[in-house]
Structures are given as structure tokens and as C-alpha cells.
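Report on the structure given below.
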Amino acid sequence: MKRILIAEDEPRISSFVEKGLKANGFTTATAADGGTALLMAATGEFDLLILDLGLPIKDGFEVLHDLRRKGSDMPVIILTARDGVPEKIRGLEGGADDYMTKPFSFDELLARVRVRLRADRAPEKTMLTAGDVRLDLRTRTIKVGEKVFELSAREFALAETFFRHPGQVLSREQLLSQVWGYDYDPGSNIVDVYVGYLRKKVGSDRIKTVRGMGYKLTGD
Ligand code: CA
């Protein structure tokens, strides 16, 4: 039976979610503040966290950040009244798997919970490998041998682009549009700067410069 932790400081909402999940065969526990939520989530006893952002003691962003920093890869669905795009981006880039806004339909939440638990059973999709370097899509870290490096949001996006095309030459323009979007100045050297950051982590020989063409991640 899957165990779900609900971090929510509004009793009305947490009991509504809890009742619904129990009725659908899940085991649940609730935490009414961010500090408690983090402690409970870090026990590793839960399969998924439903996380409110506006929480006392530690807000949801802090809980998520601390949890991912500890290396936890538990699926997290943010459930919040904050519907701004910058907050959604911050939540997803911070390592949340999904983001739902209140008011919400329970059936939709349930569907999303089920999707995340299913995704959790397919570990091959959460790890991309090139030689002895592994990119963890869930914790957004990169592993070189036994060493683990944290990545900034842009470094992660760049690394993911390389890891999805190992051995393939990617032009600066391709990388720029993929990672920074089309509105970025094509004359900018930002791609080279970030390739430099990544090389410091994975080792400079792993991302090769292909003169006049771009870069490629060596696949072996
Ligand atoms: Ca709240």
C-alpha cells in the first residue's frame, strides 16, 4: 500500500485530501508545518509528498529544497493557491514533479498522484547515462564515478540536452534555443560559459568542442 504525506496547514484541506486518498486505498499522514513535513519526508517512509507552499516554520519551497539536497527522490506534487507562472517554474525547477493550483478537483489530484507513483516505478526514465557519468533527473544532480555534483537550473537543462543526445554534435544555436529559449541573443557566449561550468563538474574531456560546429557529449 502506497503511503502519502500531506503537508498542509489548513485542516479543512488536509482532511479533505486525506479522506479522499484513504477512500482510494492509500495510507496517509499529515504535517501542518514545513519543519514537521521535512522530518517526516526524510524518514523515507513515504512514497509521495503533497506539498502546500504557504506553510508555517518552513515554506514549501524550503521543504522541497532541503529534501532534494538530502538526496531524496520521492515524488512531490505542489498543491497551492499560488498560481503565478514564476512560482510554478520555481517549484518545478526546484525539483517538484508536478504543480497543482487551488481550488482543485480531488479527482484530478488523484489522477496526478497515480501518474507520479507509476513514474516512480520506471527508474530507467529518471537516470540518463553517458559512460561513467550519470544525470539524475529527479534530484537534478550529476554523478561522476562516486562524486555527486549539484547543478543550477540552467546547468541541469544544458546537461539534460547533452544526455538526451550522447555522441551527437549540438550547435550553439540548438543549445541556446533548447535551454535559454529563442529570445536569447544568438551572439551571446552564454552557451560556452555554461559548457565551461559543466566541464568543471564532469571533466573537460567529456564535453568535446567540435570546431566550427558546436559541442558533443562523449558517449563512452
Ligand atoms: Ca497554506
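Chains: A, B, ... in order of the C-alpha cells. Residues: from 1 per chain. Ligands: from 1, in order shown.
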
What residues have any atom no more than 12 Å from ligand 1 when counting only C-alpha atoms and all ligand atoms, and can you list them as a count of residues only? 31

d(CA of Met100 (chain A), CA of Leu64 (chain A)) in Å: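 Computing it gives 15.1 Å between the two atoms.
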
Kindly indicate which residue among A:Arg90, A:Arg114, A:Lys147, A:His65 lies nearest to Gly25 (chain A), using only C-alpha atoms for the distances. A:Arg114

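Within region 68-187 of chain A, the backbone-based DSSP assignment of strand (DSSP E) covers Val76, Ile77, Ile78, Leu79, Thr80, Asp98, Tyr99, Met100, Thr101, Met127, Leu128, Thr129, Ala130, Val133, Arg134, Leu135, Asp136, Thr141, Ile142, Lys143, Val144, Lys147, Val148, Phe149 and Glu150 of chain A.
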
A:Phe46, A:Tyr215, A:Tyr99, A:Phe104: which is nearest Phe16 (chain A), counting only C-alpha atoms?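 The closest residue to Phe16 (chain A) is A:Phe104.
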
Can you measure CA of Pro186 (chain A) to CA of Gly214 (chain A) for me? One decimal in Å is fine.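 Separation between CA of Pro186 (chain A) and CA of Gly214 (chain A): 13.4 Å.
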
Find the residues around His165 (chain A) up to 10 Å (only C-alpha atoms counted), leave out those fewer than 2 positions away in its own chain, and share them as a compact mmCIF listing (two decimals) with C-alpha atoms, in the first residue's frame.
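So result_27.txt came out as:
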```
# COMPACT_ATOMS: atom_id res chain seq x y z
CA ALA A 130 26.94 8.53 -20.70
CA GLU A 160 19.85 17.11 -19.92
CA THR A 161 20.06 18.28 -23.55
CA PHE A 162 23.52 16.71 -23.90
CA PHE A 163 22.49 13.48 -22.17
CA GLY A 167 27.67 11.37 -29.12
CA GLN A 168 25.74 13.86 -31.25
CA VAL A 169 27.14 17.27 -32.20
CA LEU A 170 24.87 20.05 -30.90
CA LYS A 216 29.17 16.90 -28.11
CA LEU A 217 28.94 14.70 -25.07
CA THR A 218 31.18 11.68 -25.45
CA GLY A 219 29.02 8.60 -25.11
```

List the spatial neighbours of Asp47 (chain A) as a short mmCIF file (atom, residue, chain, number, x, y, z; two decimals) with C-alpha atoms, in the first residue's frame - criterion: any atom at most 7 Å away, only C-alpha atoms, same-chain residues fewer than 2 positions off excluded.
```cif
data_model
loop_
_atom_site.label_atom_id
_atom_site.label_comp_id
_atom_site.auth_asym_id
_atom_site.auth_seq_id
_atom_site.Cartn_x
_atom_site.Cartn_y
_atom_site.Cartn_z
CA LYS A 2 1.36 3.38 -1.01
CA ARG A 3 1.94 5.93 1.72
CA ILE A 4 1.30 9.58 1.07
CA GLU A 45 8.67 6.01 4.80
CA MET A 74 10.43 10.98 -3.55
#
```

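For the residues A:Trp180, A:Val113, A:Leu92, A:Ile207, ranking by smallest atom-to-atom distance to Leu137 (chain A) using only C-alpha atoms places A:Leu92 first.
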
Using only C-alpha atoms, can you tell me which of A:Val191, A:Val202, A:Met1, A:Leu38 comes closest to Val148 (chain A)? A:Val202
